[in-house]
Amino acid sequence: MIAPQAISDRIAIALSDVIDPEIGRSVVDIGLIYSADVMEDDRLLIRMTTTTRGCPAAGFLVDAVRERAAAEGLARTVDVELTYDPPWSPDMMRG
């Protein structure tokens with residue numbers, strides 16, 4: 001089994017290519033990815049948010065995150081859960 005920190009690091013690198021079209025920075029850099037965990041059923045569960053509820057790019061972002069994470073081969077399947085708890089704020093952005 002891969003250590004949780006190694007999973008987080010690999011997912012962060014993989015998802016750095018997924019750019020939020022509104023802000024123009026990666027979903028990792030702006031703090032949209034809340035967690036990434038390999039579950040007991042060999043499923044990678046990524047919890048993420050968008051900058052606002054009803055974001056028109058939500059479907060694109062979820063699909064892109066799922067695709068990039070699946071390419072890492074960390075688990076048999078990848079599920080992306082969209083959540084707004086806690087709500088995103090600009091304070092979550094890196095640098």
# chains A, B, ... in the order shown; residues from 1 in each chain; ligands from 1

$ residues_around --residues "Val62 (chain A)" --least-positions-apart "2" --cutoff "9 Å" --atoms "only C-alpha atoms" --output "list in words"
Met48, Ala57, Ala58, Gly59, Phe60, Ala64, Val65, Arg66, Glu67, Val80, Glu81 and Leu82 of chain A

$ write_last_selection --atoms "N, CA and C atoms" --output "tab-separated table (two decimals), in the first residue's frame"
chain	number	residue	atom	x	y	z
A	48	MET	N	-13.07	17.56	-3.77
A	48	MET	CA	-12.66	18.86	-4.29
A	48	MET	C	-13.84	19.82	-4.26
A	57	ALA	N	-17.74	25.71	-14.92
A	57	ALA	CA	-16.64	24.83	-15.28
A	57	ALA	C	-16.57	23.58	-14.39
A	58	ALA	N	-17.53	23.40	-13.49
A	58	ALA	CA	-17.47	22.29	-12.53
A	58	ALA	C	-17.36	20.94	-13.23
A	59	GLY	N	-18.17	20.68	-14.23
A	59	GLY	CA	-18.12	19.40	-14.94
A	59	GLY	C	-16.78	19.17	-15.59
A	60	PHE	N	-16.26	20.19	-16.24
A	60	PHE	CA	-14.93	20.11	-16.87
A	60	PHE	C	-13.86	19.80	-15.83
A	64	ALA	N	-11.61	16.44	-15.64
A	64	ALA	CA	-10.17	16.58	-15.82
A	64	ALA	C	-9.40	16.01	-14.62
A	65	VAL	N	-9.90	16.28	-13.42
A	65	VAL	CA	-9.27	15.74	-12.21
A	65	VAL	C	-9.34	14.22	-12.22
A	66	ARG	N	-10.50	13.67	-12.56
A	66	ARG	CA	-10.66	12.21	-12.60
A	66	ARG	C	-9.69	11.59	-13.62
A	67	GLU	N	-9.61	12.18	-14.81
A	67	GLU	CA	-8.75	11.66	-15.87
A	67	GLU	C	-7.28	11.69	-15.48
A	80	VAL	N	-14.51	11.28	-7.95
A	80	VAL	CA	-14.29	12.67	-7.56
A	80	VAL	C	-15.59	13.17	-6.95
A	81	GLU	N	-15.49	13.59	-5.70
A	81	GLU	CA	-16.65	14.10	-4.96
A	81	GLU	C	-16.55	15.62	-4.87
A	82	LEU	N	-17.56	16.28	-5.37
A	82	LEU	CA	-17.61	17.74	-5.32
A	82	LEU	C	-18.30	18.14	-4.01

$ residues_around --residues "Ile23 (chain A)" --least-positions-apart "2" --cutoff "12 Å" --atoms "only C-alpha atoms" --output "number ranges by chain"
A: 18-21, 25-27, 29-32, 50-52, 57, 90, 93

$ residues_around --residues "Thr77 (chain A)" --least-positions-apart "4" --cutoff "7 Å" --atoms "only C-alpha atoms" --output "PDB file with N, CA and C atoms, in the first residue's frame"
ATOM      1  N   ASP A  42      -9.980  -0.355  -3.157  1.00  0.00           N
ATOM      2  CA  ASP A  42      -9.053  -0.003  -4.242  1.00  0.00           C
ATOM      3  C   ASP A  42      -9.627   1.089  -5.140  1.00  0.00           C
ATOM      4  N   ARG A  43     -10.213   2.072  -4.486  1.00  0.00           N
ATOM      5  CA  ARG A  43     -10.810   3.220  -5.165  1.00  0.00           C
ATOM      6  C   ARG A  43     -10.142   4.467  -4.624  1.00  0.00           C
ATOM      7  N   LEU A  44      -9.703   5.333  -5.534  1.00  0.00           N
ATOM      8  CA  LEU A  44      -9.149   6.621  -5.132  1.00  0.00           C
ATOM      9  C   LEU A  44     -10.307   7.603  -5.045  1.00  0.00           C
ATOM     10  N   ALA A  70      -6.597   9.189 -12.616  1.00  0.00           N
ATOM     11  CA  ALA A  70      -6.647   7.806 -13.099  1.00  0.00           C
ATOM     12  C   ALA A  70      -5.359   7.442 -13.824  1.00  0.00           C
TER      13      ALA A  70
END

$ select_by_dssp --residues "region 8-71 of chain A" --states "alpha helix (DSSP H)" --output "CSV table (one decimal) with N, CA and C atoms, in the first residue's frame"
chain,number,residue,atom,x,y,z
A,8,SER,N,-0.7,11.8,-1.8
A,8,SER,CA,-1.0,13.3,-1.9
A,8,SER,C,0.0,14.0,-2.8
A,9,ASP,N,1.3,13.6,-2.6
A,9,ASP,CA,2.3,14.2,-3.5
A,9,ASP,C,2.1,13.9,-5.0
A,10,ARG,N,1.8,12.6,-5.2
A,10,ARG,CA,1.6,12.2,-6.6
A,10,ARG,C,0.4,12.8,-7.2
A,11,ILE,N,-0.7,12.9,-6.5
A,11,ILE,CA,-1.9,13.5,-7.0
A,11,ILE,C,-1.7,15.0,-7.2
A,12,ALA,N,-1.0,15.7,-6.3
A,12,ALA,CA,-0.7,17.1,-6.4
A,12,ALA,C,0.1,17.4,-7.7
A,13,ILE,N,1.1,16.5,-8.0
A,13,ILE,CA,1.8,16.7,-9.2
A,13,ILE,C,1.0,16.5,-10.5
A,14,ALA,N,0.2,15.4,-10.4
A,14,ALA,CA,-0.7,15.0,-11.6
A,14,ALA,C,-1.7,16.1,-11.8
A,15,LEU,N,-2.3,16.7,-10.8
A,15,LEU,CA,-3.4,17.6,-10.9
A,15,LEU,C,-2.9,19.1,-11.2
A,58,ALA,N,-17.5,23.4,-13.5
A,58,ALA,CA,-17.5,22.3,-12.5
A,58,ALA,C,-17.4,20.9,-13.2
A,59,GLY,N,-18.2,20.7,-14.2
A,59,GLY,CA,-18.1,19.4,-14.9
A,59,GLY,C,-16.8,19.2,-15.6
A,60,PHE,N,-16.3,20.2,-16.2
A,60,PHE,CA,-14.9,20.1,-16.9
A,60,PHE,C,-13.9,19.8,-15.8
A,61,LEU,N,-13.9,20.5,-14.7
A,61,LEU,CA,-12.9,20.3,-13.7
A,61,LEU,C,-12.9,18.9,-13.1
A,62,VAL,N,-14.1,18.5,-12.8
A,62,VAL,CA,-14.3,17.1,-12.2
A,62,VAL,C,-13.8,16.1,-13.2
A,63,ASP,N,-14.2,16.2,-14.4
A,63,ASP,CA,-13.7,15.2,-15.4
A,63,ASP,C,-12.2,15.3,-15.6
A,64,ALA,N,-11.6,16.4,-15.6
A,64,ALA,CA,-10.2,16.6,-15.8
A,64,ALA,C,-9.4,16.0,-14.6
A,65,VAL,N,-9.9,16.3,-13.4
A,65,VAL,CA,-9.3,15.7,-12.2
A,65,VAL,C,-9.3,14.2,-12.2
A,66,ARG,N,-10.5,13.7,-12.6
A,66,ARG,CA,-10.7,12.2,-12.6
A,66,ARG,C,-9.7,11.6,-13.6
A,67,GLU,N,-9.6,12.2,-14.8
A,67,GLU,CA,-8.8,11.7,-15.9
A,67,GLU,C,-7.3,11.7,-15.5
A,68,ARG,N,-6.8,12.8,-15.0
A,68,ARG,CA,-5.4,12.9,-14.6
A,68,ARG,C,-5.1,12.0,-13.4
A,69,ALA,N,-6.0,11.9,-12.4
A,69,ALA,CA,-5.7,11.0,-11.3
A,69,ALA,C,-5.7,9.6,-11.7
A,70,ALA,N,-6.6,9.2,-12.6
A,70,ALA,CA,-6.6,7.8,-13.1
A,70,ALA,C,-5.4,7.4,-13.8
A,71,ALA,N,-4.8,8.4,-14.5
A,71,ALA,CA,-3.5,8.1,-15.3
A,71,ALA,C,-2.4,7.8,-14.3

$ select_by_dssp --residues "region 44-80 of chain A" --states "strand (DSSP E or B)" --output "ChimeraX atom specification"
/A:44-48,77-80

$ write_last_selection --atoms "N, CA and C atoms" --output "mmCIF file, in the first residue's frame"
data_model
loop_
_atom_site.group_PDB
_atom_site.id
_atom_site.type_symbol
_atom_site.label_atom_id
_atom_site.label_comp_id
_atom_site.auth_asym_id
_atom_site.auth_seq_id
_atom_site.Cartn_x
_atom_site.Cartn_y
_atom_site.Cartn_z
ATOM 1 N N LEU A 44 -9.703 5.333 -5.534
ATOM 2 C CA LEU A 44 -9.149 6.621 -5.132
ATOM 3 C C LEU A 44 -10.307 7.603 -5.045
ATOM 4 N N LEU A 45 -10.477 8.188 -3.875
ATOM 5 C CA LEU A 45 -11.537 9.169 -3.662
ATOM 6 C C LEU A 45 -10.906 10.547 -3.497
ATOM 7 N N ILE A 46 -11.236 11.435 -4.428
ATOM 8 C CA ILE A 46 -10.749 12.810 -4.378
ATOM 9 C C ILE A 46 -11.918 13.705 -4.021
ATOM 10 N N ARG A 47 -11.730 14.504 -2.984
ATOM 11 C CA ARG A 47 -12.744 15.490 -2.603
ATOM 12 C C ARG A 47 -12.219 16.849 -3.036
ATOM 13 N N MET A 48 -13.072 17.558 -3.768
ATOM 14 C CA MET A 48 -12.660 18.864 -4.286
ATOM 15 C C MET A 48 -13.839 19.824 -4.261
ATOM 16 N N THR A 77 -10.106 2.356 -9.523
ATOM 17 C CA THR A 77 -11.039 3.371 -10.015
ATOM 18 C C THR A 77 -10.798 4.695 -9.291
ATOM 19 N N VAL A 78 -11.305 5.763 -9.889
ATOM 20 C CA VAL A 78 -11.187 7.093 -9.296
ATOM 21 C C VAL A 78 -12.574 7.717 -9.220
ATOM 22 N N ASP A 79 -12.948 8.146 -8.037
ATOM 23 C CA ASP A 79 -14.185 8.903 -7.840
ATOM 24 C C ASP A 79 -13.812 10.305 -7.398
ATOM 25 N N VAL A 80 -14.509 11.282 -7.953
ATOM 26 C CA VAL A 80 -14.294 12.671 -7.561
ATOM 27 C C VAL A 80 -15.592 13.171 -6.946
#

$ closest_residue --among "A:Asp91, A:Gln5, A:Asp85, A:Ala36" --to "Thr49 (chain A)" --atoms "only C-alpha atoms"
A:Asp85

$ atom_distance --atom1 "CA of Glu72 (chain A)" --atom2 "CA of Val28 (chain A)"
15.8 Å

$ atom_distance --atom1 "CA of Ile7 (chain A)" --atom2 "CA of Leu74 (chain A)"
7.6 Å
